[in-house]
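Chemist: Sharing input06.cif below, mmCIF, C-alpha atoms (C1' of nucleotides):
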```
data_entry
loop_
_atom_site.label_atom_id
_atom_site.label_comp_id
_atom_site.auth_asym_id
_atom_site.auth_seq_id
_atom_site.Cartn_x
_atom_site.Cartn_y
_atom_site.Cartn_z
CA MET A 4 131.92 104.29 113.18
CA SER A 5 132.14 105.78 116.65
CA ARG A 6 131.35 109.35 117.32
CA GLN A 7 134.91 109.91 118.47
CA ALA A 8 136.28 108.50 115.21
CA ASP A 9 133.90 110.71 113.25
CA LEU A 10 135.18 113.79 115.01
CA GLN A 11 138.77 112.81 114.35
CA LYS A 12 137.98 112.31 110.66
CA ILE A 13 136.47 115.77 110.53
CA LYS A 14 139.53 117.31 112.18
CA ASP A 15 141.85 115.53 109.76
CA GLY A 16 139.63 116.44 106.83
CA PHE A 17 139.66 120.10 107.83
CA VAL A 18 143.44 120.15 108.00
CA GLN A 19 143.78 118.48 104.62
CA THR A 20 141.22 120.65 102.84
CA GLN A 21 141.95 124.00 104.43
CA ASP A 22 143.98 125.20 101.47
CA ILE A 23 141.30 124.45 98.92
CA LEU A 24 138.50 125.77 101.13
CA LEU A 25 140.41 129.03 101.37
CA ALA A 26 141.22 129.05 97.66
CA LEU A 27 137.63 128.28 96.62
CA GLY A 28 136.05 130.77 99.02
CA ASP A 29 137.01 133.60 96.67
CA GLU A 30 134.70 134.58 93.85
CA ASN A 31 137.51 135.52 91.47
CA ARG A 32 139.26 132.21 91.95
CA GLN A 33 135.97 130.38 91.44
CA SER A 34 135.57 132.17 88.10
CA ILE A 35 139.11 131.30 87.06
CA LEU A 36 138.56 127.67 87.98
CA VAL A 37 135.33 127.46 85.99
CA SER A 38 137.05 128.99 82.97
CA LEU A 39 139.84 126.45 83.28
CA LEU A 40 137.33 123.61 83.55
CA GLU A 41 135.64 124.87 80.39
CA ALA A 42 138.98 124.96 78.61
CA GLY A 43 139.67 121.35 79.50
CA CYS A 44 143.05 119.66 79.35
CA ASP A 45 144.51 122.13 76.85
CA GLY A 46 144.47 124.74 79.56
CA MET A 47 144.37 128.51 79.24
CA ARG A 48 146.94 131.26 79.28
CA VAL A 49 147.01 134.25 81.60
CA GLY A 50 146.08 136.64 78.80
CA GLN A 51 142.95 134.64 77.93
CA LEU A 52 141.88 134.51 81.56
CA THR A 53 142.42 138.26 81.85
CA ALA A 54 140.07 138.76 78.92
CA GLN A 55 137.36 136.46 80.34
CA THR A 56 137.41 137.81 83.88
CA HIS A 57 137.34 141.47 84.82
CA LEU A 58 140.76 141.14 86.45
CA SER A 59 144.11 142.58 85.50
CA ARG A 60 146.95 140.34 84.40
CA PRO A 61 148.91 140.57 87.67
CA ALA A 62 145.71 139.87 89.59
CA VAL A 63 145.03 136.75 87.53
CA SER A 64 148.64 135.73 88.05
CA HIS A 65 148.27 136.23 91.78
CA HIS A 66 145.12 134.12 92.03
CA LEU A 67 146.64 131.42 89.86
CA LYS A 68 149.54 131.27 92.27
CA ILE A 69 147.16 130.64 95.16
CA LEU A 70 145.30 127.98 93.16
CA LYS A 71 148.63 126.43 92.24
CA GLU A 72 149.79 126.36 95.87
CA ALA A 73 146.53 124.65 96.77
CA GLN A 74 147.42 122.15 94.04
CA LEU A 75 144.22 122.85 92.19
CA VAL A 76 145.89 123.86 88.92
CA SER A 77 149.00 122.81 87.06
CA ILE A 78 151.15 124.60 84.49
CA ARG A 79 152.39 123.34 81.16
CA LYS A 80 154.97 125.58 79.51
CA ASP A 81 155.47 125.83 75.77
CA GLY A 82 158.13 128.41 75.08
CA THR A 83 157.01 131.63 76.78
CA LYS A 84 153.45 130.40 76.80
CA HIS A 85 152.13 129.05 80.08
CA TYR A 86 149.02 126.91 79.93
CA TYR A 87 147.10 126.49 83.19
CA ALA A 88 144.70 123.60 83.71
CA VAL A 89 142.72 122.12 86.57
CA GLN A 90 144.58 119.29 88.22
CA PRO A 91 143.16 116.13 89.78
CA ASN A 92 143.32 116.63 93.54
CA GLU A 93 142.38 114.12 96.18
CA SER A 94 141.27 116.95 98.45
CA PHE A 95 137.99 117.06 96.55
CA GLY A 96 137.31 113.52 97.70
CA ILE A 97 138.29 114.32 101.26
CA MET A 98 136.07 117.40 101.15
CA GLN A 99 133.11 115.24 100.10
CA LYS A 100 133.68 112.71 102.86
CA THR A 101 134.21 115.36 105.53
CA ALA A 102 131.05 117.19 104.52
CA ALA A 103 129.14 113.90 104.57
CA ILE A 104 130.32 113.05 108.10
CA ILE A 105 129.41 116.50 109.39
CA GLU A 106 125.98 116.21 107.80
CA ARG A 107 125.37 112.85 109.42
CA LEU A 108 126.72 113.94 112.80
CA VAL A 109 124.51 117.03 112.90
CA GLU A 110 121.48 114.92 112.04
CA GLU A 111 122.32 112.44 114.79
CA ASN A 112 122.69 115.32 117.24
CA GLU A 113 119.27 116.63 116.29
CA GLN A 114 117.65 113.23 116.81
CA ASN A 115 119.25 112.62 120.20
CA ASP A 116 117.66 115.77 121.52
CA MET B 25 124.56 114.97 81.96
CA SER B 26 126.11 117.25 79.37
CA ARG B 27 129.37 119.00 79.94
CA GLN B 28 127.61 122.34 79.70
CA ALA B 29 125.12 121.33 82.37
CA ASP B 30 127.96 120.14 84.60
CA LEU B 31 129.69 123.51 84.34
CA GLN B 32 126.47 125.31 85.17
CA LYS B 33 125.98 123.09 88.22
CA ILE B 34 129.48 123.93 89.39
CA LYS B 35 128.86 127.65 88.95
CA ASP B 36 125.61 127.44 90.90
CA GLY B 37 127.25 125.27 93.55
CA PHE B 38 130.05 127.77 93.99
CA VAL B 39 127.62 130.63 94.48
CA GLN B 40 125.58 128.67 97.01
CA THR B 41 128.53 127.39 99.01
CA GLN B 42 130.77 130.46 98.93
CA ASP B 43 129.77 131.53 102.42
CA ILE B 44 130.59 128.21 104.02
CA LEU B 45 133.79 127.76 102.01
CA LEU B 46 134.93 131.12 103.32
CA ALA B 47 133.80 130.34 106.86
CA LEU B 48 135.44 126.90 106.90
CA GLY B 49 138.68 128.08 105.35
CA ASP B 50 139.75 129.54 108.70
CA GLU B 51 141.55 127.39 111.23
CA ASN B 52 139.98 129.09 114.24
CA ARG B 53 136.48 128.63 112.91
CA GLN B 54 137.24 125.00 112.12
CA SER B 55 138.27 124.51 115.77
CA ILE B 56 135.13 126.18 117.02
CA LEU B 57 132.98 124.04 114.74
CA VAL B 58 134.65 120.82 115.92
CA SER B 59 134.13 121.84 119.55
CA LEU B 60 130.48 122.52 118.82
CA LEU B 61 130.09 119.16 117.09
CA GLU B 62 131.62 117.48 120.15
CA ALA B 63 129.19 119.29 122.39
CA GLY B 64 126.23 118.06 120.37
CA CYS B 65 122.75 119.50 120.48
CA ASP B 66 123.14 121.05 123.93
CA GLY B 67 125.54 123.54 122.42
CA MET B 68 128.29 125.52 124.08
CA ARG B 69 128.66 128.98 125.52
CA VAL B 70 131.18 131.61 124.49
CA GLY B 71 133.09 131.23 127.75
CA GLN B 72 133.52 127.49 127.26
CA LEU B 73 134.73 127.98 123.70
CA THR B 74 137.17 130.63 124.91
CA ALA B 75 138.62 128.11 127.34
CA GLN B 76 138.93 125.35 124.71
CA THR B 77 140.45 127.48 121.96
CA HIS B 78 143.34 129.88 122.45
CA LEU B 79 141.11 132.78 121.44
CA SER B 80 139.80 135.69 123.46
CA ARG B 81 136.09 136.05 124.15
CA PRO B 82 135.53 138.85 121.61
CA ALA B 83 137.43 136.84 119.02
CA VAL B 84 135.23 133.78 119.65
CA SER B 85 132.18 136.01 119.46
CA HIS B 86 133.42 137.44 116.17
CA HIS B 87 133.99 134.04 114.57
CA LEU B 88 130.66 132.75 115.86
CA LYS B 89 129.02 135.69 114.13
CA ILE B 90 130.60 134.69 110.82
CA LEU B 91 129.57 131.05 111.33
CA LYS B 92 126.08 132.24 112.21
CA GLU B 93 125.87 134.39 109.07
CA ALA B 94 126.94 131.36 107.03
CA GLN B 95 124.06 129.55 108.76
CA LEU B 96 126.40 126.93 110.15
CA VAL B 97 125.51 127.53 113.80
CA SER B 98 122.37 128.49 115.67
CA ILE B 99 121.83 130.13 119.05
CA ARG B 100 119.56 129.09 121.87
CA LYS B 101 119.20 131.66 124.63
CA ASP B 102 118.43 130.78 128.24
CA GLY B 103 118.45 133.94 130.26
CA THR B 104 121.79 135.62 129.71
CA LYS B 105 123.27 132.32 128.64
CA HIS B 106 123.71 131.79 124.91
CA TYR B 107 124.20 128.23 123.68
CA TYR B 108 125.69 127.81 120.22
CA ALA B 109 125.24 124.58 118.26
CA VAL B 110 125.94 123.36 114.74
CA GLN B 111 122.92 123.68 112.55
CA PRO B 112 121.82 121.40 109.69
CA ASN B 113 122.69 123.19 106.46
CA GLU B 114 121.90 122.03 102.97
CA SER B 115 125.08 123.69 101.70
CA PHE B 116 127.02 120.66 102.90
CA GLY B 117 125.08 118.54 100.46
CA ILE B 118 125.62 121.03 97.64
CA MET B 119 129.31 121.13 98.48
CA GLN B 120 129.53 117.35 98.16
CA LYS B 121 127.75 117.32 94.80
CA THR B 122 129.80 120.21 93.42
CA ALA B 123 133.07 118.58 94.48
CA ALA B 124 131.94 115.31 92.89
CA ILE B 125 131.14 116.96 89.56
CA ILE B 126 134.49 118.77 89.50
CA GLU B 127 136.27 115.51 90.27
CA ARG B 128 134.50 113.72 87.44
CA LEU B 129 135.01 116.57 84.99
CA VAL B 130 138.72 116.77 85.68
CA GLU B 131 139.04 113.02 85.16
CA GLU B 132 137.16 113.23 81.86
CA ASN B 133 139.45 116.04 80.77
CA GLU B 134 142.50 113.95 81.55
CA GLN B 135 141.19 111.01 79.53
CA ASN B 136 140.28 113.07 76.47
CA ASP B 137 143.87 114.18 76.16
"C1'" DT C 3 172.08 140.38 67.81
"C1'" DT C 4 167.78 143.05 68.37
"C1'" DC C 5 163.08 143.46 68.94
"C1'" DC C 6 158.80 141.61 70.43
"C1'" DT C 7 155.68 138.70 73.08
"C1'" DC C 8 154.31 136.45 77.22
"C1'" DC C 9 154.49 136.16 82.06
"C1'" DG C 10 156.30 136.40 86.68
"C1'" DT C 11 157.80 139.53 90.44
"C1'" DT C 12 158.38 143.56 93.20
"C1'" DG C 13 156.79 147.46 95.78
"C1'" DA C 14 153.32 150.45 97.20
"C1'" DA C 15 148.67 151.64 97.97
"C1'" DA C 16 143.95 150.37 99.03
"C1'" DC C 17 141.13 147.45 101.33
"C1'" DA C 18 139.56 143.76 104.45
"C1'" DT C 19 140.16 140.83 108.47
"C1'" DT C 20 141.45 139.85 112.99
"C1'" DT C 21 142.32 140.96 117.57
"C1'" DA C 22 142.05 143.02 122.32
"C1'" DA C 23 140.58 146.61 125.50
"C1'" DA C 24 136.93 149.07 127.10
"C1'" DC C 25 132.19 149.68 127.25
"C1'" DC C 26 127.13 148.55 127.15
"C1'" DT C 27 122.92 145.65 127.71
"C1'" DT C 28 120.26 142.14 129.69
"C1'" DT C 29 119.19 138.89 133.23
"C1'" DT C 30 119.71 136.85 137.68
"C1'" DG C 31 119.65 136.76 142.51
"C1'" DA C 32 120.59 138.85 147.01
"C1'" DT D 24 116.89 148.19 144.15
"C1'" DC D 25 121.69 146.94 143.50
"C1'" DA D 26 125.55 144.15 142.29
"C1'" DA D 27 127.26 140.43 139.71
"C1'" DA D 28 127.39 137.53 135.66
"C1'" DA D 29 127.07 136.59 130.71
"C1'" DG D 30 127.92 138.01 126.49
"C1'" DG D 31 127.35 141.36 122.57
"C1'" DT D 32 129.35 145.88 120.47
"C1'" DT D 33 132.51 149.53 119.46
"C1'" DT D 34 136.98 151.32 118.53
"C1'" DA D 35 141.58 151.29 117.19
"C1'" DA D 36 145.72 148.87 116.17
"C1'" DA D 37 147.98 145.14 113.86
"C1'" DT D 38 148.03 142.14 110.29
"C1'" DG D 39 146.84 140.01 105.93
"C1'" DT D 40 144.95 140.30 101.20
"C1'" DT D 41 144.24 142.25 96.83
"C1'" DT D 42 145.28 145.26 93.29
"C1'" DC D 43 147.91 147.98 89.88
"C1'" DA D 44 152.06 150.07 87.79
"C1'" DA D 45 156.57 149.28 86.72
"C1'" DC D 46 160.28 146.30 85.96
"C1'" DG D 47 162.75 142.01 84.61
"C1'" DG D 48 163.67 137.62 82.31
"C1'" DA D 49 163.12 134.04 79.03
"C1'" DG D 50 161.97 132.44 74.49
"C1'" DG D 51 160.95 133.16 69.50
"C1'" DA D 52 161.38 135.73 64.95
"C1'" DA D 53 163.80 138.58 61.79
#
```
What is this structure when it is put down as structure tokens?
Modeler:
Amino acid sequence: MSRQADLQKIKDGFVQTQDILLALGDENRQSILVSLLEAGCDGMRVGQLTAQTHLSRPAVSHHLKILKEAQLVSIRKDGTKHYYAVQPNESFGIMQKTAAIIERLVEENEQND
Amino acid sequence: MSRQADLQKIKDGFVQTQDILLALGDENRQSILVSLLEAGCDGMRVGQLTAQTHLSRPAVSHHLKILKEAQLVSIRKDGTKHYYAVQPNESFGIMQKTAAIIERLVEENEQND
DNA sequence: TTCCTCCGTTGAAACATTTAAACCTTTTGA
DNA sequence: TCAAAAGGTTTAAATGTTTCAACGGAGGAA
């Protein structure tokens, strides 16, 4: 792959992963995501997450909204109960590829010194 | 690898990559990084970056500081001239592995439904 | 219906980030 | 030595983010 094509892939990758980079750059949202991964496909409710983290209910709700907008979590509603779970998201794959290209490009830069 | 070990790896990965997730979650810093990758090992100066982005010089300087603190860029000084370049950073590798584990875990969750 | 539970939303306050103008430091070269 | 050039730093304003308290709405149970 040409250097120019690599750079374009990185640019595209950045655009496509910006939401999840932003969402995952926050410690509270990382904690919530780990809790949700532990819970598995059944998901967790806001009240449970409030108990596990040191956050208030509205704060948990706020962070879940951001994770939801980044399409990292999904909701399943059962009556008044809302179960949140981690959602498959192709951005994780793009993130891996983008990081790999950057890694390779930086190494190539170093060698061509 | 056990599920428990996977979760621990994700937690550790999050802690180790938080700085770069935060740094890369910003559009301006993404632009700067791409410009620096284009420039290669020679690096670029603040003035050149100011011309390429739509940012002011202090703003570029500010974002470079954040990228520097995340150990994504390095400086080489030649007189009063400061050349910034992208630096090899093992966090990219950790980011890839963490994303891969999350991907796999989410898929496993879906299947065990 | 009436009460209760579970959550989302709104509004305001606290806090953090981003930006630009003005200033300061260091180096270069006349 | 003096002026110019390069770029970092400080300050203050604007903006964005995060948080909590209070409210509201929807569903379930009696």
Chemist: Return chain A as a JSON list (two decimals) with C-alpha atoms, keeping the file's coordinate frame, after superposing it on chain B by a least-squares fit that covers all C-alpha atoms paired in order.
Modeler:
```
[["chain", "number", "residue", "atom", "x", "y", "z"],
["A", 4, "MET", "CA", 124.54, 114.98, 82.01],
["A", 5, "SER", "CA", 126.07, 117.28, 79.42],
["A", 6, "ARG", "CA", 129.31, 119.01, 79.98],
["A", 7, "GLN", "CA", 127.55, 122.35, 79.74],
["A", 8, "ALA", "CA", 125.07, 121.33, 82.44],
["A", 9, "ASP", "CA", 127.93, 120.15, 84.64],
["A", 10, "LEU", "CA", 129.63, 123.51, 84.38],
["A", 11, "GLN", "CA", 126.42, 125.32, 85.24],
["A", 12, "LYS", "CA", 125.96, 123.09, 88.29],
["A", 13, "ILE", "CA", 129.47, 123.94, 89.42],
["A", 14, "LYS", "CA", 128.84, 127.67, 89.00],
["A", 15, "ASP", "CA", 125.60, 127.44, 90.96],
["A", 16, "GLY", "CA", 127.24, 125.26, 93.59],
["A", 17, "PHE", "CA", 130.06, 127.77, 94.03],
["A", 18, "VAL", "CA", 127.62, 130.61, 94.54],
["A", 19, "GLN", "CA", 125.61, 128.65, 97.08],
["A", 20, "THR", "CA", 128.59, 127.38, 99.06],
["A", 21, "GLN", "CA", 130.82, 130.43, 98.96],
["A", 22, "ASP", "CA", 129.86, 131.51, 102.46],
["A", 23, "ILE", "CA", 130.66, 128.18, 104.05],
["A", 24, "LEU", "CA", 133.85, 127.72, 102.03],
["A", 25, "LEU", "CA", 135.00, 131.08, 103.33],
["A", 26, "ALA", "CA", 133.86, 130.31, 106.87],
["A", 27, "LEU", "CA", 135.50, 126.87, 106.92],
["A", 28, "GLY", "CA", 138.77, 128.04, 105.37],
["A", 29, "ASP", "CA", 139.80, 129.50, 108.72],
["A", 30, "GLU", "CA", 141.58, 127.34, 111.26],
["A", 31, "ASN", "CA", 140.00, 129.06, 114.26],
["A", 32, "ARG", "CA", 136.51, 128.60, 112.91],
["A", 33, "GLN", "CA", 137.26, 124.96, 112.14],
["A", 34, "SER", "CA", 138.27, 124.47, 115.78],
["A", 35, "ILE", "CA", 135.12, 126.17, 117.03],
["A", 36, "LEU", "CA", 132.99, 124.01, 114.76],
["A", 37, "VAL", "CA", 134.64, 120.80, 115.95],
["A", 38, "SER", "CA", 134.11, 121.82, 119.56],
["A", 39, "LEU", "CA", 130.46, 122.51, 118.83],
["A", 40, "LEU", "CA", 130.10, 119.14, 117.11],
["A", 41, "GLU", "CA", 131.60, 117.47, 120.17],
["A", 42, "ALA", "CA", 129.16, 119.30, 122.41],
["A", 43, "GLY", "CA", 126.22, 118.05, 120.39],
["A", 44, "CYS", "CA", 122.72, 119.48, 120.49],
["A", 45, "ASP", "CA", 123.13, 121.05, 123.93],
["A", 46, "GLY", "CA", 125.52, 123.53, 122.40],
["A", 47, "MET", "CA", 128.29, 125.51, 124.06],
["A", 48, "ARG", "CA", 128.60, 128.98, 125.47],
["A", 49, "VAL", "CA", 131.13, 131.61, 124.46],
["A", 50, "GLY", "CA", 133.02, 131.28, 127.74],
["A", 51, "GLN", "CA", 133.48, 127.53, 127.26],
["A", 52, "LEU", "CA", 134.71, 128.01, 123.71],
["A", 53, "THR", "CA", 137.14, 130.67, 124.91],
["A", 54, "ALA", "CA", 138.57, 128.17, 127.37],
["A", 55, "GLN", "CA", 138.92, 125.39, 124.76],
["A", 56, "THR", "CA", 140.47, 127.51, 122.03],
["A", 57, "HIS", "CA", 143.34, 129.91, 122.50],
["A", 58, "LEU", "CA", 141.11, 132.82, 121.47],
["A", 59, "SER", "CA", 139.78, 135.74, 123.45],
["A", 60, "ARG", "CA", 136.08, 136.11, 124.12],
["A", 61, "PRO", "CA", 135.50, 138.88, 121.56],
["A", 62, "ALA", "CA", 137.43, 136.85, 118.99],
["A", 63, "VAL", "CA", 135.26, 133.80, 119.61],
["A", 64, "SER", "CA", 132.21, 136.03, 119.39],
["A", 65, "HIS", "CA", 133.45, 137.43, 116.10],
["A", 66, "HIS", "CA", 134.03, 134.01, 114.55],
["A", 67, "LEU", "CA", 130.69, 132.76, 115.81],
["A", 68, "LYS", "CA", 129.06, 135.67, 114.05],
["A", 69, "ILE", "CA", 130.67, 134.64, 110.77],
["A", 70, "LEU", "CA", 129.62, 131.01, 111.30],
["A", 71, "LYS", "CA", 126.13, 132.21, 112.15],
["A", 72, "GLU", "CA", 125.92, 134.35, 109.00],
["A", 73, "ALA", "CA", 126.98, 131.32, 106.99],
["A", 74, "GLN", "CA", 124.11, 129.52, 108.72],
["A", 75, "LEU", "CA", 126.43, 126.91, 110.12],
["A", 76, "VAL", "CA", 125.51, 127.50, 113.77],
["A", 77, "SER", "CA", 122.37, 128.48, 115.62],
["A", 78, "ILE", "CA", 121.82, 130.13, 119.00],
["A", 79, "ARG", "CA", 119.52, 129.08, 121.79],
["A", 80, "LYS", "CA", 119.17, 131.65, 124.57],
["A", 81, "ASP", "CA", 118.40, 130.78, 128.16],
["A", 82, "GLY", "CA", 118.40, 133.95, 130.20],
["A", 83, "THR", "CA", 121.78, 135.62, 129.63],
["A", 84, "LYS", "CA", 123.24, 132.32, 128.55],
["A", 85, "HIS", "CA", 123.68, 131.79, 124.83],
["A", 86, "TYR", "CA", 124.15, 128.23, 123.65],
["A", 87, "TYR", "CA", 125.67, 127.79, 120.18],
["A", 88, "ALA", "CA", 125.23, 124.57, 118.23],
["A", 89, "VAL", "CA", 125.94, 123.32, 114.73],
["A", 90, "GLN", "CA", 122.92, 123.66, 112.51],
["A", 91, "PRO", "CA", 121.82, 121.37, 109.68],
["A", 92, "ASN", "CA", 122.71, 123.17, 106.45],
["A", 93, "GLU", "CA", 121.94, 122.01, 102.96],
["A", 94, "SER", "CA", 125.12, 123.66, 101.73],
["A", 95, "PHE", "CA", 127.06, 120.64, 102.94],
["A", 96, "GLY", "CA", 125.12, 118.52, 100.47],
["A", 97, "ILE", "CA", 125.65, 121.01, 97.68],
["A", 98, "MET", "CA", 129.35, 121.13, 98.53],
["A", 99, "GLN", "CA", 129.56, 117.34, 98.18],
["A", 100, "LYS", "CA", 127.79, 117.31, 94.83],
["A", 101, "THR", "CA", 129.83, 120.21, 93.45],
["A", 102, "ALA", "CA", 133.09, 118.59, 94.50],
["A", 103, "ALA", "CA", 131.96, 115.32, 92.92],
["A", 104, "ILE", "CA", 131.15, 116.99, 89.59],
["A", 105, "ILE", "CA", 134.48, 118.79, 89.51],
["A", 106, "GLU", "CA", 136.28, 115.54, 90.27],
["A", 107, "ARG", "CA", 134.50, 113.75, 87.45],
["A", 108, "LEU", "CA", 134.97, 116.61, 84.99],
["A", 109, "VAL", "CA", 138.71, 116.82, 85.65],
["A", 110, "GLU", "CA", 139.03, 113.07, 85.14],
["A", 111, "GLU", "CA", 137.12, 113.27, 81.87],
["A", 112, "ASN", "CA", 139.39, 116.10, 80.74],
["A", 113, "GLU", "CA", 142.45, 114.02, 81.50],
["A", 114, "GLN", "CA", 141.13, 111.07, 79.50],
["A", 115, "ASN", "CA", 140.19, 113.13, 76.46],
["A", 116, "ASP", "CA", 143.77, 114.27, 76.13]]
```
Chemist: For the structure provided, state which residues fall under the PyMOL selection byres ((chain D) within 12 of (chain B)), and present them as a ChimeraX atom specification.
Modeler: /D:28-33
Chemist: Can you give me, as a ChimeraX atom specification, the residues this file yields under the PyMOL selection byres ((chain C and resi 13) around 12)?
Modeler: /C:11-12,14-15 /D:42-46
Chemist: I'd like to see the residues matched by the PyMOL selection byres ((chain C) within 7 of (chain B)) on this file, and ideally I'd get them as a CSV table (one decimal) with C-alpha atoms (C1' of nucleotides), keeping the file's coordinate frame.
Modeler:
```
chain,number,residue,atom,x,y,z
C,21,DT,C1',142.3,141.0,117.6
C,28,DT,C1',120.3,142.1,129.7
C,29,DT,C1',119.2,138.9,133.2
```
Chemist: Anything within 8 Å of (136.6, 122.9, 98.4): list those residues as a PyMOL selection string, counting all atoms listed in the file and sticking to the file's coordinates.
Modeler: (chain A and resi 20+23-28+94-95+98) or (chain B and resi 45+119+123)
Chemist: Find the residues of chain A in contact range of chain B, meaning any atom within 10 Å when counting all atoms listed in the file, and list them as a PyMOL selection string.
Modeler: chain A and resi 6-7+9-11+13-14+17-18+20-30+33-34+36-38+40-45+88-116
Chemist: If you measure from atom CA of A:Lys80 to atom CA of A:Leu52, what distance in Å do you get, rounded to one decimal?
Modeler: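 Between atom CA of A:Lys80 and atom CA of A:Leu52 the gap is 16.0 Å.
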Chemist: Just how far from atom CA of A:Gly16 is atom CA of B:Val97, in Å to one decimal?
Modeler: 19.3 Å
Chemist: What does the distance from atom CA of A:Leu67 to atom CA of B:Ser26 come to in Å, to one decimal?
Modeler: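 Interatomic distance, atom CA of A:Leu67 to atom CA of B:Ser26: 27.1 Å.
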Chemist: Axis-aligned box over every listed atom of stretch 32-50 of chain D, padded by 3 Å per side: centre and edges in Å to one decimal, as lines of an AutoDock Vina configuration file?
Modeler:
```
center_x = 146.5
center_y = 141.9
center_z = 97.5
size_x = 40.3
size_y = 24.9
size_z = 52.0
```
Chemist: Nearest residue to C:DT19 out of D:DC25, D:DT40, D:DT34, D:DG51, using all atoms listed in the file?
Modeler: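 With all atoms listed in the file as the atom set, the closest residue is D:DT40.
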Chemist: Give me, as JSON, numbers by chain, all polymer residues having an atom no more than 12 Å from C:DA32, counting all atoms listed in the file and skipping those fewer than 4 positions away in the same chain.
Modeler: {"D": [24, 25, 26, 27]}
Chemist: Keeping only C-alpha atoms (C1' of nucleotides), write the selected residues to a file as a compact mmCIF listing (two decimals), in the frame of the given file.
Modeler:
```txt
# COMPACT_ATOMS: atom_id res chain seq x y z
C1' DT D 24 116.89 148.19 144.15
C1' DC D 25 121.69 146.94 143.50
C1' DA D 26 125.55 144.15 142.29
C1' DA D 27 127.26 140.43 139.71
```
Chemist: Within 8 Å of (138.9, 142.7, 98.7) (file coordinates; all atoms listed in the file), which protein or nucleic acid residues are there? I'd like them as a PyMOL selection string.
Modeler: (chain C and resi 17-18) or (chain D and resi 40-41)
Chemist: I'd like to know which of A:Ala8, A:Met47, A:Tyr86, A:Gln19 is closest to A:Gln74, using all atoms listed in the file.
Modeler: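 Between A:Ala8, A:Met47, A:Tyr86, A:Gln19, the residue approaching A:Gln74 most closely is A:Gln19.
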Chemist: Is it possible to add N, CA and C atoms to stretch 71-85 of chain A and hand it back as a PDB file, in the coordinates of the input?
Modeler:
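Result written to rebuild_30.pdb:
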```pdb
ATOM      1  N   LYS A  71     147.533 127.349  92.501  1.00  0.00           N
ATOM      2  CA  LYS A  71     148.630 126.430  92.240  1.00  0.00           C
ATOM      3  C   LYS A  71     149.169 125.887  93.575  1.00  0.00           C
ATOM      4  N   GLU A  72     149.299 126.778  94.559  1.00  0.00           N
ATOM      5  CA  GLU A  72     149.790 126.360  95.870  1.00  0.00           C
ATOM      6  C   GLU A  72     148.814 125.406  96.551  1.00  0.00           C
ATOM      7  N   ALA A  73     147.528 125.573  96.234  1.00  0.00           N
ATOM      8  CA  ALA A  73     146.530 124.650  96.770  1.00  0.00           C
ATOM      9  C   ALA A  73     146.464 123.376  95.919  1.00  0.00           C
ATOM     10  N   GLN A  74     147.346 123.300  94.936  1.00  0.00           N
ATOM     11  CA  GLN A  74     147.420 122.150  94.040  1.00  0.00           C
ATOM     12  C   GLN A  74     146.129 121.894  93.294  1.00  0.00           C
ATOM     13  N   LEU A  75     145.451 122.980  92.956  1.00  0.00           N
ATOM     14  CA  LEU A  75     144.220 122.850  92.190  1.00  0.00           C
ATOM     15  C   LEU A  75     144.487 123.001  90.697  1.00  0.00           C
ATOM     16  N   VAL A  76     145.553 123.704  90.342  1.00  0.00           N
ATOM     17  CA  VAL A  76     145.890 123.860  88.920  1.00  0.00           C
ATOM     18  C   VAL A  76     147.351 123.513  88.692  1.00  0.00           C
ATOM     19  N   SER A  77     147.628 123.151  87.459  1.00  0.00           N
ATOM     20  CA  SER A  77     149.000 122.810  87.060  1.00  0.00           C
ATOM     21  C   SER A  77     149.389 123.690  85.879  1.00  0.00           C
ATOM     22  N   ILE A  78     150.679 123.820  85.642  1.00  0.00           N
ATOM     23  CA  ILE A  78     151.150 124.600  84.490  1.00  0.00           C
ATOM     24  C   ILE A  78     151.830 123.674  83.497  1.00  0.00           C
ATOM     25  N   ARG A  79     151.638 123.989  82.220  1.00  0.00           N
ATOM     26  CA  ARG A  79     152.390 123.340  81.160  1.00  0.00           C
ATOM     27  C   ARG A  79     153.003 124.487  80.362  1.00  0.00           C
ATOM     28  N   LYS A  80     154.312 124.475  80.191  1.00  0.00           N
ATOM     29  CA  LYS A  80     154.970 125.580  79.510  1.00  0.00           C
ATOM     30  C   LYS A  80     155.384 125.184  78.103  1.00  0.00           C
ATOM     31  N   ASP A  81     155.086 126.050  77.159  1.00  0.00           N
ATOM     32  CA  ASP A  81     155.470 125.830  75.770  1.00  0.00           C
ATOM     33  C   ASP A  81     156.124 127.123  75.293  1.00  0.00           C
ATOM     34  N   GLY A  82     157.425 127.161  75.359  1.00  0.00           N
ATOM     35  CA  GLY A  82     158.130 128.410  75.080  1.00  0.00           C
ATOM     36  C   GLY A  82     157.802 129.413  76.153  1.00  0.00           C
ATOM     37  N   THR A  83     157.384 130.621  75.770  1.00  0.00           N
ATOM     38  CA  THR A  83     157.010 131.630  76.780  1.00  0.00           C
ATOM     39  C   THR A  83     155.559 131.459  77.185  1.00  0.00           C
ATOM     40  N   LYS A  84     154.883 130.542  76.525  1.00  0.00           N
ATOM     41  CA  LYS A  84     153.450 130.400  76.800  1.00  0.00           C
ATOM     42  C   LYS A  84     153.211 129.433  77.943  1.00  0.00           C
ATOM     43  N   HIS A  85     152.449 129.886  78.923  1.00  0.00           N
ATOM     44  CA  HIS A  85     152.130 129.050  80.080  1.00  0.00           C
ATOM     45  C   HIS A  85     150.655 128.681  80.020  1.00  0.00           C
TER      46      HIS A  85
END
```
